[in-house]
$ cat model.pdb   # PDB, C-alpha atoms
ATOM      1  CA  MET A 261      22.909 -36.327  -1.450
ATOM      2  CA  LYS A 262      20.828 -38.601  -3.672
ATOM      3  CA  ASN A 263      18.374 -39.091  -0.874
ATOM      4  CA  ILE A 264      17.800 -35.377  -0.522
ATOM      5  CA  ILE A 265      17.092 -34.935  -4.207
ATOM      6  CA  GLU A 266      14.463 -37.630  -3.997
ATOM      7  CA  ASN A 267      12.626 -35.498  -1.469
ATOM      8  CA  LEU A 268      12.143 -32.813  -4.099
ATOM      9  CA  ASN A 269       8.705 -32.936  -5.613
ATOM     10  CA  LYS A 270       8.851 -33.674  -9.350
ATOM     11  CA  ILE A 271       5.772 -31.548 -10.000
ATOM     12  CA  PHE A 272       7.537 -28.473  -8.674
ATOM     13  CA  ASP A 273      10.632 -28.798 -10.849
ATOM     14  CA  ASN A 274       9.016 -26.464 -13.363
ATOM     15  CA  ARG A 275       9.322 -22.729 -12.793
ATOM     16  CA  ILE A 276       5.742 -21.939 -13.724
ATOM     17  CA  ARG A 277       4.189 -24.654 -11.594
ATOM     18  CA  LEU A 278       6.377 -23.587  -8.705
ATOM     19  CA  GLY A 279       5.326 -19.977  -9.329
ATOM     20  CA  ILE A 280       1.635 -20.863  -9.305
ATOM     21  CA  MET A 281       1.987 -22.654  -5.970
ATOM     22  CA  SER A 282       4.099 -19.834  -4.471
ATOM     23  CA  ALA A 283       1.462 -17.273  -5.410
ATOM     24  CA  LEU A 284      -1.318 -19.423  -3.983
ATOM     25  CA  MET A 285       0.547 -19.790  -0.679
ATOM     26  CA  VAL A 286       0.121 -16.091   0.038
ATOM     27  CA  ASN A 287      -3.250 -15.515  -1.667
ATOM     28  CA  GLN A 288      -6.484 -17.181  -0.651
ATOM     29  CA  ASP A 289      -7.425 -17.605  -4.299
ATOM     30  CA  LEU A 290      -6.389 -16.249  -7.681
ATOM     31  CA  SER A 291      -8.264 -16.204 -10.968
ATOM     32  CA  PHE A 292      -6.931 -17.650 -14.195
ATOM     33  CA  ASN A 293      -6.286 -14.161 -15.533
ATOM     34  CA  GLU A 294      -4.497 -13.013 -12.402
ATOM     35  CA  LEU A 295      -2.232 -16.049 -12.573
ATOM     36  CA  LYS A 296      -1.614 -15.390 -16.243
ATOM     37  CA  GLU A 297      -0.522 -11.816 -15.517
ATOM     38  CA  LEU A 298       1.699 -12.927 -12.642
ATOM     39  CA  MET A 299       3.443 -15.685 -14.604
ATOM     40  CA  GLN A 300       3.452 -13.746 -17.872
ATOM     41  CA  VAL A 301       2.545 -16.805 -19.931
ATOM     42  CA  THR A 302      -0.063 -17.592 -22.575
ATOM     43  CA  ASP A 303      -3.468 -19.117 -21.814
ATOM     44  CA  GLY A 304      -2.489 -22.504 -23.224
ATOM     45  CA  ASN A 305       0.805 -22.600 -21.396
ATOM     46  CA  LEU A 306      -0.773 -21.734 -18.066
ATOM     47  CA  ALA A 307      -3.572 -24.265 -18.547
ATOM     48  CA  SER A 308      -1.075 -27.021 -19.333
ATOM     49  CA  HIS A 309       0.730 -26.312 -16.044
ATOM     50  CA  LEU A 310      -2.432 -25.997 -13.984
ATOM     51  CA  LYS A 311      -3.592 -29.424 -15.093
ATOM     52  CA  PRO A 312      -0.943 -31.610 -13.410
ATOM     53  CA  LEU A 313      -1.277 -29.557 -10.219
ATOM     54  CA  GLU A 314      -5.029 -30.051 -10.278
ATOM     55  CA  GLU A 315      -4.675 -33.774 -11.009
ATOM     56  CA  SER A 316      -2.334 -34.239  -8.059
ATOM     57  CA  GLY A 317      -4.975 -32.721  -5.825
ATOM     58  CA  TYR A 318      -2.876 -29.648  -5.021
ATOM     59  CA  LEU A 319      -5.350 -27.152  -6.449
ATOM     60  CA  LEU A 320      -8.982 -26.500  -5.779
ATOM     61  CA  VAL A 321     -10.679 -25.216  -8.918
ATOM     62  CA  GLN A 322     -13.859 -23.196  -8.738
ATOM     63  CA  LYS A 323     -15.652 -22.296 -11.908
ATOM     64  CA  GLY A 324     -17.855 -19.263 -11.814
ATOM     65  CA  PHE A 325     -19.152 -16.472 -13.962
ATOM     66  CA  ILE A 326     -18.687 -12.726 -14.000
ATOM     67  CA  GLY A 327     -21.550 -11.630 -16.223
ATOM     68  CA  LYS A 328     -21.290 -13.913 -19.206
ATOM     69  CA  LYS A 329     -17.555 -14.492 -18.961
ATOM     70  CA  THR A 330     -16.247 -17.561 -17.211
ATOM     71  CA  ASN A 331     -14.163 -16.844 -14.174
ATOM     72  CA  THR A 332     -12.175 -19.766 -12.839
ATOM     73  CA  THR A 333     -10.412 -19.307  -9.537
ATOM     74  CA  TYR A 334      -7.746 -21.501  -8.035
ATOM     75  CA  SER A 335      -6.714 -22.058  -4.455
ATOM     76  CA  ALA A 336      -4.236 -24.402  -2.805
ATOM     77  CA  THR A 337      -5.620 -27.503  -1.080
ATOM     78  CA  GLN A 338      -4.277 -28.725   2.256
ATOM     79  CA  LEU A 339      -2.452 -31.454   0.368
ATOM     80  CA  GLY A 340      -0.945 -28.817  -1.907
ATOM     81  CA  VAL A 341       0.237 -26.703   1.027
ATOM     82  CA  LYS A 342       1.817 -29.761   2.634
ATOM     83  CA  ALA A 343       3.567 -30.802  -0.577
ATOM     84  CA  PHE A 344       4.860 -27.277  -1.157
ATOM     85  CA  LYS A 345       6.218 -27.010   2.387
ATOM     86  CA  ALA A 346       7.936 -30.396   2.038
ATOM     87  CA  HIS A 347       9.500 -29.177  -1.200
ATOM     88  CA  LEU A 348      10.758 -26.030   0.508
ATOM     89  CA  THR A 349      12.260 -28.073   3.333
ATOM     90  CA  ALA A 350      13.997 -30.319   0.789
ATOM     91  CA  LEU A 351      15.428 -27.265  -0.982
ATOM     92  CA  GLU A 352      16.698 -25.864   2.287
ATOM     93  CA  GLU A 353      18.287 -29.178   3.176
ATOM     94  CA  MET A 354      20.075 -29.233  -0.168
ATOM     95  CA  ILE A 355      21.507 -25.808   0.508
ATOM     96  CA  ARG A 356      22.594 -26.804   3.978
ATOM     97  CA  SER A 357      24.272 -30.014   2.776
ATOM     98  CA  THR A 358      26.315 -28.229   0.119
ATOM     99  CA  ARG A 359      27.718 -25.730   2.586
TER     100      ARG A 359
ATOM    101  CA  MET B  73      23.293 -31.700 -12.243
ATOM    102  CA  SER B  74      24.779 -28.417 -13.373
ATOM    103  CA  ALA B  75      21.912 -27.820 -15.788
ATOM    104  CA  LYS B  76      19.424 -27.851 -12.924
ATOM    105  CA  PRO B  77      18.682 -24.539 -11.263
ATOM    106  CA  GLN B  78      20.453 -24.074  -7.973
ATOM    107  CA  PRO B  79      18.175 -24.513  -4.963
ATOM    108  CA  ILE B  80      19.122 -21.072  -3.706
ATOM    109  CA  ASP B  81      17.890 -19.532  -6.981
ATOM    110  CA  THR B  82      14.688 -21.535  -6.756
ATOM    111  CA  LEU B  83      14.069 -20.219  -3.254
ATOM    112  CA  GLN B  84      14.699 -16.694  -4.544
ATOM    113  CA  ASP B  85      12.141 -17.293  -7.302
ATOM    114  CA  ILE B  86       9.586 -18.499  -4.772
ATOM    115  CA  LYS B  87      10.130 -15.501  -2.531
ATOM    116  CA  GLN B  88       9.888 -13.118  -5.452
ATOM    117  CA  MET B  89       6.643 -14.670  -6.656
ATOM    118  CA  MET B  90       5.132 -14.485  -3.182
ATOM    119  CA  GLU B  91       6.033 -10.799  -2.955
ATOM    120  CA  ARG B  92       4.864 -10.021  -6.464
ATOM    121  CA  SER B  93       1.529 -11.741  -5.993
ATOM    122  CA  SER B  94       0.705 -10.255  -2.621
ATOM    123  CA  ARG B  95       2.082  -6.726  -2.727
ATOM    124  CA  PHE B  96       1.447  -3.818  -5.022
ATOM    125  CA  ILE B  97       4.990  -2.931  -5.991
ATOM    126  CA  SER B  98       4.384  -0.278  -8.635
ATOM    127  CA  LEU B  99       4.006   2.536  -6.147
ATOM    128  CA  SER B 100       6.429   5.085  -7.509
ATOM    129  CA  GLY B 101       8.777   7.160  -5.365
ATOM    130  CA  LEU B 102       8.067  10.087  -7.665
ATOM    131  CA  SER B 103       4.435   9.925  -6.488
ATOM    132  CA  GLY B 104       5.703  10.715  -3.002
ATOM    133  CA  VAL B 105       7.854  13.591  -4.231
ATOM    134  CA  ALA B 106       4.955  15.072  -6.247
ATOM    135  CA  ALA B 107       2.493  14.763  -3.360
ATOM    136  CA  GLY B 108       5.041  16.354  -1.024
ATOM    137  CA  CYS B 109       5.546  19.314  -3.362
ATOM    138  CA  CYS B 110       1.781  19.844  -3.604
ATOM    139  CA  ALA B 111       1.550  19.802   0.173
ATOM    140  CA  LEU B 112       4.304  22.398   0.512
ATOM    141  CA  VAL B 113       2.661  24.719  -2.015
ATOM    142  CA  GLY B 114      -0.685  24.250  -0.260
ATOM    143  CA  ALA B 115       0.878  24.934   3.122
ATOM    144  CA  TRP B 116       2.497  28.109   1.758
ATOM    145  CA  PHE B 117      -0.879  29.479   0.671
ATOM    146  CA  ALA B 118      -2.512  28.396   3.914
ATOM    147  CA  TYR B 119       0.245  30.023   5.950
ATOM    148  CA  ASP B 120      -0.422  33.264   4.112
ATOM    149  CA  ILE B 121      -4.089  33.122   5.094
ATOM    150  CA  ILE B 122      -3.456  32.199   8.713
ATOM    151  CA  TYR B 123      -0.719  34.718   9.400
ATOM    152  CA  GLY B 124      -1.039  37.223   6.587
ATOM    153  CA  SER B 125      -4.586  38.550   6.807
ATOM    154  CA  HIS B 126      -6.622  40.068   9.601
ATOM    155  CA  ARG B 127      -9.279  37.453   9.821
ATOM    156  CA  SER B 128     -10.086  35.488  12.903
ATOM    157  CA  TYR B 129      -7.085  33.279  12.360
ATOM    158  CA  SER B 130      -4.640  36.155  12.583
ATOM    159  CA  THR B 131      -4.076  35.663  16.306
ATOM    160  CA  GLY B 132      -1.230  33.434  15.247
ATOM    161  CA  HIS B 133      -2.910  30.370  16.617
ATOM    162  CA  THR B 134      -5.480  28.101  15.171
ATOM    163  CA  ARG B 135      -8.734  28.288  17.070
ATOM    164  CA  TYR B 136      -9.296  25.476  19.466
ATOM    165  CA  TYR B 137     -11.801  24.390  22.016
ATOM    166  CA  GLY B 138     -11.916  26.907  24.786
ATOM    167  CA  ASP B 139     -11.212  29.742  22.408
ATOM    168  CA  PRO B 140     -13.645  32.591  23.137
ATOM    169  CA  GLU B 141     -14.749  32.663  19.514
ATOM    170  CA  VAL B 142     -16.143  29.185  19.745
ATOM    171  CA  ASP B 143     -19.550  28.979  21.312
ATOM    172  CA  VAL B 144     -18.896  26.476  24.068
ATOM    173  CA  THR B 145     -22.438  26.478  25.414
ATOM    174  CA  THR B 146     -23.899  24.978  22.272
ATOM    175  CA  GLY B 147     -20.765  23.001  21.633
ATOM    176  CA  ARG B 148     -20.900  23.962  17.999
ATOM    177  CA  GLY B 149     -18.097  25.856  16.320
ATOM    178  CA  VAL B 150     -19.154  26.179  12.728
ATOM    179  CA  SER B 151     -21.751  24.745  10.446
ATOM    180  CA  LEU B 152     -20.643  22.581   7.583
ATOM    181  CA  SER B 153     -21.623  25.121   4.934
ATOM    182  CA  GLU B 154     -19.612  27.769   6.764
ATOM    183  CA  PHE B 155     -16.672  25.441   6.806
ATOM    184  CA  MET B 156     -16.934  24.423   3.150
ATOM    185  CA  GLY B 157     -16.715  28.078   2.180
ATOM    186  CA  ASN B 158     -13.619  28.499   4.309
ATOM    187  CA  SER B 159     -10.610  29.277   2.149
ATOM    188  CA  LEU B 160      -8.352  27.081   4.280
ATOM    189  CA  PHE B 161     -10.592  24.129   3.641
ATOM    190  CA  GLN B 162     -10.645  24.901  -0.069
ATOM    191  CA  ILE B 163      -6.855  24.995  -0.170
ATOM    192  CA  ALA B 164      -6.667  21.695   1.703
ATOM    193  CA  LEU B 165      -9.149  20.078  -0.664
ATOM    194  CA  PHE B 166      -7.413  21.381  -3.764
ATOM    195  CA  THR B 167      -4.013  20.298  -2.446
ATOM    196  CA  PHE B 168      -5.344  16.843  -1.671
ATOM    197  CA  ILE B 169      -6.840  16.405  -5.143
ATOM    198  CA  ALA B 170      -3.713  17.685  -6.905
ATOM    199  CA  ALA B 171      -1.450  15.453  -4.800
ATOM    200  CA  LEU B 172      -3.630  12.418  -5.413
ATOM    201  CA  ALA B 173      -3.793  13.039  -9.167
ATOM    202  CA  LEU B 174      -0.014  13.444  -9.495
ATOM    203  CA  ALA B 175       0.676  10.448  -7.260
ATOM    204  CA  PHE B 176      -1.688   8.411  -9.392
ATOM    205  CA  LEU B 177      -0.006   9.554 -12.603
ATOM    206  CA  PHE B 178       3.513   8.521 -11.579
ATOM    207  CA  THR B 179       2.327   5.206 -10.222
ATOM    208  CA  TYR B 180       0.390   4.598 -13.430
ATOM    209  CA  LEU B 181       3.549   5.204 -15.463
ATOM    210  CA  ARG B 182       5.521   2.879 -13.205
ATOM    211  CA  SER B 183       2.913   0.115 -13.422
ATOM    212  CA  ARG B 184       3.186   0.188 -17.199
ATOM    213  CA  LYS B 185       6.929  -0.179 -16.909
ATOM    214  CA  THR B 186       6.790  -3.076 -14.445
ATOM    215  CA  ASN B 187       3.956  -4.694 -16.375
ATOM    216  CA  THR B 188       1.684  -5.053 -13.371
ATOM    217  CA  PRO B 189      -1.999  -4.195 -13.520
ATOM    218  CA  LEU B 190      -2.895  -0.904 -11.833
ATOM    219  CA  TRP B 191      -6.257  -2.300 -10.820
ATOM    220  CA  GLY B 192      -5.451  -5.893  -9.888
ATOM    221  CA  SER B 193      -6.220  -7.763  -6.703
ATOM    222  CA  GLN B 194      -3.028  -6.416  -5.106
ATOM    223  CA  SER B 195      -3.890  -2.757  -5.650
ATOM    224  CA  LYS B 196      -7.501  -3.319  -4.588
ATOM    225  CA  ARG B 197      -6.334  -4.832  -1.335
ATOM    226  CA  LEU B 198      -3.971  -1.904  -0.847
ATOM    227  CA  MET B 199      -6.742   0.627  -1.514
ATOM    228  CA  TRP B 200      -9.087  -0.987   0.977
ATOM    229  CA  ASN B 201      -6.499  -1.043   3.703
ATOM    230  CA  VAL B 202      -5.579   2.590   3.161
ATOM    231  CA  ALA B 203      -9.218   3.620   2.934
ATOM    232  CA  ILE B 204     -10.391   2.155   6.235
ATOM    233  CA  PRO B 205      -8.272   4.313   8.598
ATOM    234  CA  MET B 206      -8.574   7.309   6.257
ATOM    235  CA  VAL B 207     -12.376   7.282   6.055
ATOM    236  CA  VAL B 208     -12.802   6.648   9.775
ATOM    237  CA  GLY B 209     -10.312   9.427  10.486
ATOM    238  CA  GLY B 210     -12.087  11.728   8.051
ATOM    239  CA  ILE B 211     -15.434  11.243   9.765
ATOM    240  CA  TYR B 212     -13.872  11.749  13.185
ATOM    241  CA  LEU B 213     -12.147  14.961  12.121
ATOM    242  CA  TRP B 214     -15.290  16.242  10.441
ATOM    243  CA  LYS B 215     -17.110  15.821  13.750
ATOM    244  CA  MET B 216     -14.294  17.713  15.471
ATOM    245  CA  ILE B 217     -14.710  20.568  13.023
ATOM    246  CA  GLN B 218     -18.422  20.671  13.806
ATOM    247  CA  GLU B 219     -17.558  20.858  17.475
ATOM    248  CA  GLY B 220     -15.093  23.624  16.743
ATOM    249  CA  ILE B 221     -12.010  21.774  17.968
ATOM    250  CA  PHE B 222      -9.750  23.141  15.242
ATOM    251  CA  GLY B 223      -6.457  22.706  17.040
ATOM    252  CA  LEU B 224      -6.719  18.944  16.920
ATOM    253  CA  ILE B 225      -7.378  18.742  13.173
ATOM    254  CA  ALA B 226      -3.776  18.890  11.969
ATOM    255  CA  PRO B 227      -2.430  16.308  14.439
ATOM    256  CA  GLY B 228      -5.488  14.172  13.718
ATOM    257  CA  CYS B 229      -4.780  14.198   9.987
ATOM    258  CA  LEU B 230      -1.164  13.162  10.577
ATOM    259  CA  ILE B 231      -2.053  10.398  13.031
ATOM    260  CA  PHE B 232      -4.804   8.820  10.930
ATOM    261  CA  TYR B 233      -2.717   9.116   7.766
ATOM    262  CA  GLY B 234       0.209   7.495   9.562
ATOM    263  CA  LEU B 235      -2.005   4.625  10.725
ATOM    264  CA  ALA B 236      -3.264   4.174   7.161
ATOM    265  CA  LEU B 237       0.317   3.912   5.901
ATOM    266  CA  VAL B 238       1.358   1.423   8.585
ATOM    267  CA  ASN B 239      -1.685  -0.655   7.676
ATOM    268  CA  ALA B 240      -0.881  -0.350   3.968
ATOM    269  CA  SER B 241       2.701  -1.523   4.399
ATOM    270  CA  LYS B 242       1.562  -5.147   4.422
ATOM    271  CA  TYR B 243       0.243  -4.766   0.890
ATOM    272  CA  THR B 244       2.860  -2.649  -0.844
ATOM    273  CA  LEU B 245       6.550  -1.771  -0.517
ATOM    274  CA  LYS B 246       7.259  -2.359   3.144
ATOM    275  CA  GLU B 247       9.368   0.774   3.605
ATOM    276  CA  ILE B 248       6.152   2.783   3.699
ATOM    277  CA  ARG B 249       5.778   1.511   7.261
ATOM    278  CA  TYR B 250       8.546   3.859   8.413
ATOM    279  CA  LEU B 251       6.890   6.804   6.681
ATOM    280  CA  GLY B 252       3.742   5.873   8.618
ATOM    281  CA  PHE B 253       5.604   5.763  11.945
ATOM    282  CA  CYS B 254       7.129   9.182  11.260
ATOM    283  CA  GLN B 255       3.707  10.676  10.453
ATOM    284  CA  ILE B 256       2.228   9.234  13.649
ATOM    285  CA  ALA B 257       5.154  10.562  15.703
ATOM    286  CA  LEU B 258       4.751  14.046  14.197
ATOM    287  CA  GLY B 259       1.013  13.954  14.874
ATOM    288  CA  LEU B 260       1.558  12.982  18.502
ATOM    289  CA  ILE B 261       4.185  15.696  19.044
ATOM    290  CA  ASN B 262       1.786  18.162  17.438
ATOM    291  CA  LEU B 263      -0.824  17.285  20.102
ATOM    292  CA  TRP B 264       1.301  19.109  22.643
ATOM    293  CA  ASN B 265       2.125  21.947  20.274
ATOM    294  CA  ILE B 266      -1.357  23.039  19.269
ATOM    295  CA  GLY B 267      -1.240  26.177  17.184
ATOM    296  CA  TYR B 268       1.661  25.011  15.052
ATOM    297  CA  GLY B 269      -0.557  22.715  13.028
ATOM    298  CA  ILE B 270       0.418  24.229   9.693
ATOM    299  CA  HIS B 271       4.124  23.715  10.417
ATOM    300  CA  PHE B 272       3.608  20.077  11.329
ATOM    301  CA  TRP B 273       1.421  19.631   8.277
ATOM    302  CA  ALA B 274       4.111  20.983   5.972
ATOM    303  CA  LEU B 275       6.705  18.802   7.683
ATOM    304  CA  GLY B 276       4.613  15.634   7.559
ATOM    305  CA  PHE B 277       2.769  15.848   4.283
ATOM    306  CA  GLY B 278       5.435  17.882   2.505
ATOM    307  CA  VAL B 279       8.976  17.206   3.679
ATOM    308  CA  LEU B 280       8.507  13.579   4.798
ATOM    309  CA  HIS B 281       6.816  12.640   1.520
ATOM    310  CA  ILE B 282       9.618  14.167  -0.498
ATOM    311  CA  ILE B 283      12.333  12.430   1.544
ATOM    312  CA  TYR B 284      10.507   9.109   1.347
ATOM    313  CA  GLY B 285       9.907   9.538  -2.385
ATOM    314  CA  ILE B 286      13.553  10.278  -3.137
ATOM    315  CA  VAL B 287      14.759   7.335  -1.048
ATOM    316  CA  MET B 288      12.326   4.959  -2.757
ATOM    317  CA  TRP B 289      13.124   6.271  -6.198
ATOM    318  CA  TRP B 290      16.815   5.873  -5.501
ATOM    319  CA  LYS B 291      16.350   2.349  -4.194
ATOM    320  CA  TYR B 292      13.947   0.895  -6.770
ATOM    321  CA  GLU B 293      13.662   3.052  -9.868
ATOM    322  CA  LYS B 294      16.969   4.757 -10.526
ATOM    323  CA  GLY B 295      18.557   3.692 -13.779
TER     324      GLY B 295
END
$ encode --input "model.pdb" --output "structure tokens"
Amino acid sequence: MKNIIENLNKIFDNRIRLGIMSALMVNQDLSFNELKELMQVTDGNLASHLKPLEESGYLLVQKGFIGKKTNTTYSATQLGVKAFKAHLTALEEMIRSTR
Amino acid sequence: MSAKPQPIDTLQDIKQMMERSSRFISLSGLSGVAAGCCALVGAWFAYDIIYGSHRSYSTGHTRYYGDPEVDVTTGRGVSLSEFMGNSLFQIALFTFIAALALAFLFTYLRSRKTNTPLWGSQSKRLMWNVAIPMVVGGIYLWKMIQEGIFGLIAPGCLIFYGLALVNASKYTLKEIRYLGFCQIALGLINLWNIGYGIHFWALGFGVLHIIYGIVMWWKYEKG
């Protein structure tokens, strides 16, 4: 049992970070504002959760402009997709082992 | 351990977020009911024109290719301006606008309730995928009208609308797929029952919408 828990990715143990990755699995890219609406969190809160994901190399950040406003979009990197899938597998294994 | 969220709940969360971020879920069942009612009212007026008066439609059948009234040699049935002035077309247009406006209203109200943007990336994607079969179908049917092939208009509307719904089902509530299949089936049956276009129209755009709307309202919005 202990072994299985170790397979869970620490970064994904937060609901918001997990949510961000889930949304980016099914969308090519999402803007900061779209993510904010989806997660229903404040700017600061979202930014603080995006940072560790970005630092781990799970997110690709692209800064752009729409008119004069900044428009930052996020997409999942290959590494991020792999990590997320591994996390899912670990979760499934946990469920299977408890049955 | 007990303080940690159960893995099964986490998986549920993930699934929910994937759905929420990729599908436009604010489409209200009441929109379907309202659009269906508009269609039935429109069909009632149209029926009156087709069967009630003594104009060229009063033969009891919609004109179709091969009908003596259509000039086959030139291949042209009516000009566009002639058609735009046609009361049947005006009813259809008015019905369409009314249905769209009411459908929009109920979905707008729902989106405020569910706290999802009405004009986000999900709804844009949905709009595009509905628009492609609809616009192509519209152009195709317009050409048919120019050629005077009136009998194929009603089934054409149902078929293209059905295809649009099937296409849309990937980007909104997936049950709409079955509504699409039903519309396509009606359209195809109508192909071999030319002349009953108005009946199939009322059934497809009216009755099916209302049934679908009630089912969806019951499933997602009740209470």
$ resolve_selection --input "model.pdb" --expression "the ChimeraX specification (/A :<6) & /B" --output "ChimeraX atom specification"
/B:79,86,89-90,93
$ atom_distance --input "model.pdb" --atom1 "atom CA of A:Leu319" --atom2 "atom CA of B:Gly192"
21.5 Å
$ residues_around --input "model.pdb" --residues "stretch 236-248 of chain B" --least-positions-apart "4" --cutoff "7 Å" --atoms "only C-alpha atoms" --output "list in words"
Ser94, Arg95, Phe96, Ile97, Arg197, Leu198, Asn201, Val202, Pro205, Met206, Phe232, Gly252 and Phe253 of chain B
$ resolve_selection --input "model.pdb" --expression "the PyMOL selection byres ((chain B and resi 112) around 9)" --output "ChimeraX atom specification"
/B:107-111,113-117,273-275,277-279
$ residues_near_point --input "model.pdb" --point "(3.6, 15.1, 14.8)" --cutoff "12 Å" --atoms "only C-alpha atoms" --output "PyMOL selection string"
chain B and resi 224-234+252-266+268-277+280
$ decode --input "model.pdb" --residues "stretch 325-337 of chain A" --atoms "N, CA, C and O atoms" --output "PDB file, in the first residue's frame"
ATOM      1  N   PHE A 325      -0.510  39.316 -26.298  1.00  0.00           N
ATOM      2  CA  PHE A 325      -1.339  40.494 -26.046  1.00  0.00           C
ATOM      3  C   PHE A 325      -2.612  40.414 -26.865  1.00  0.00           C
ATOM      4  O   PHE A 325      -2.611  39.975 -28.002  1.00  0.00           O
ATOM      5  N   ILE A 326      -3.714  40.856 -26.257  1.00  0.00           N
ATOM      6  CA  ILE A 326      -4.934  41.115 -27.017  1.00  0.00           C
ATOM      7  C   ILE A 326      -5.166  42.606 -26.873  1.00  0.00           C
ATOM      8  O   ILE A 326      -5.548  43.080 -25.806  1.00  0.00           O
ATOM      9  N   GLY A 327      -4.858  43.364 -27.899  1.00  0.00           N
ATOM     10  CA  GLY A 327      -4.881  44.824 -27.780  1.00  0.00           C
ATOM     11  C   GLY A 327      -3.764  45.225 -26.849  1.00  0.00           C
ATOM     12  O   GLY A 327      -2.607  44.869 -27.067  1.00  0.00           O
ATOM     13  N   LYS A 328      -4.144  45.912 -25.776  1.00  0.00           N
ATOM     14  CA  LYS A 328      -3.108  46.323 -24.816  1.00  0.00           C
ATOM     15  C   LYS A 328      -3.051  45.402 -23.604  1.00  0.00           C
ATOM     16  O   LYS A 328      -2.146  45.479 -22.791  1.00  0.00           O
ATOM     17  N   LYS A 329      -4.084  44.533 -23.498  1.00  0.00           N
ATOM     18  CA  LYS A 329      -4.119  43.647 -22.333  1.00  0.00           C
ATOM     19  C   LYS A 329      -3.214  42.440 -22.543  1.00  0.00           C
ATOM     20  O   LYS A 329      -3.143  41.894 -23.648  1.00  0.00           O
ATOM     21  N   THR A 330      -2.576  42.012 -21.477  1.00  0.00           N
ATOM     22  CA  THR A 330      -1.766  40.801 -21.585  1.00  0.00           C
ATOM     23  C   THR A 330      -2.689  39.596 -21.629  1.00  0.00           C
ATOM     24  O   THR A 330      -3.743  39.574 -20.988  1.00  0.00           O
ATOM     25  N   ASN A 331      -2.317  38.642 -22.424  1.00  0.00           N
ATOM     26  CA  ASN A 331      -3.088  37.413 -22.507  1.00  0.00           C
ATOM     27  C   ASN A 331      -2.113  36.238 -22.432  1.00  0.00           C
ATOM     28  O   ASN A 331      -1.391  35.972 -23.376  1.00  0.00           O
ATOM     29  N   THR A 332      -2.090  35.603 -21.281  1.00  0.00           N
ATOM     30  CA  THR A 332      -1.178  34.480 -21.086  1.00  0.00           C
ATOM     31  C   THR A 332      -1.950  33.184 -21.264  1.00  0.00           C
ATOM     32  O   THR A 332      -2.994  32.996 -20.646  1.00  0.00           O
ATOM     33  N   THR A 333      -1.451  32.330 -22.130  1.00  0.00           N
ATOM     34  CA  THR A 333      -2.116  31.037 -22.307  1.00  0.00           C
ATOM     35  C   THR A 333      -1.209  29.912 -21.827  1.00  0.00           C
ATOM     36  O   THR A 333       0.013  30.015 -21.872  1.00  0.00           O
ATOM     37  N   TYR A 334      -1.859  28.872 -21.363  1.00  0.00           N
ATOM     38  CA  TYR A 334      -1.137  27.725 -20.807  1.00  0.00           C
ATOM     39  C   TYR A 334      -1.517  26.465 -21.560  1.00  0.00           C
ATOM     40  O   TYR A 334      -2.672  26.282 -21.942  1.00  0.00           O
ATOM     41  N   SER A 335      -0.532  25.615 -21.790  1.00  0.00           N
ATOM     42  CA  SER A 335      -0.831  24.297 -22.341  1.00  0.00           C
ATOM     43  C   SER A 335       0.042  23.270 -21.620  1.00  0.00           C
ATOM     44  O   SER A 335       1.044  23.626 -21.008  1.00  0.00           O
ATOM     45  N   ALA A 336      -0.378  22.010 -21.704  1.00  0.00           N
ATOM     46  CA  ALA A 336       0.372  20.960 -21.010  1.00  0.00           C
ATOM     47  C   ALA A 336       1.545  20.523 -21.873  1.00  0.00           C
ATOM     48  O   ALA A 336       1.409  20.363 -23.083  1.00  0.00           O
ATOM     49  N   THR A 337       2.715  20.340 -21.260  1.00  0.00           N
ATOM     50  CA  THR A 337       3.870  19.824 -21.998  1.00  0.00           C
ATOM     51  C   THR A 337       3.781  18.302 -22.036  1.00  0.00           C
ATOM     52  O   THR A 337       2.966  17.707 -21.329  1.00  0.00           O
TER      53      THR A 337
END
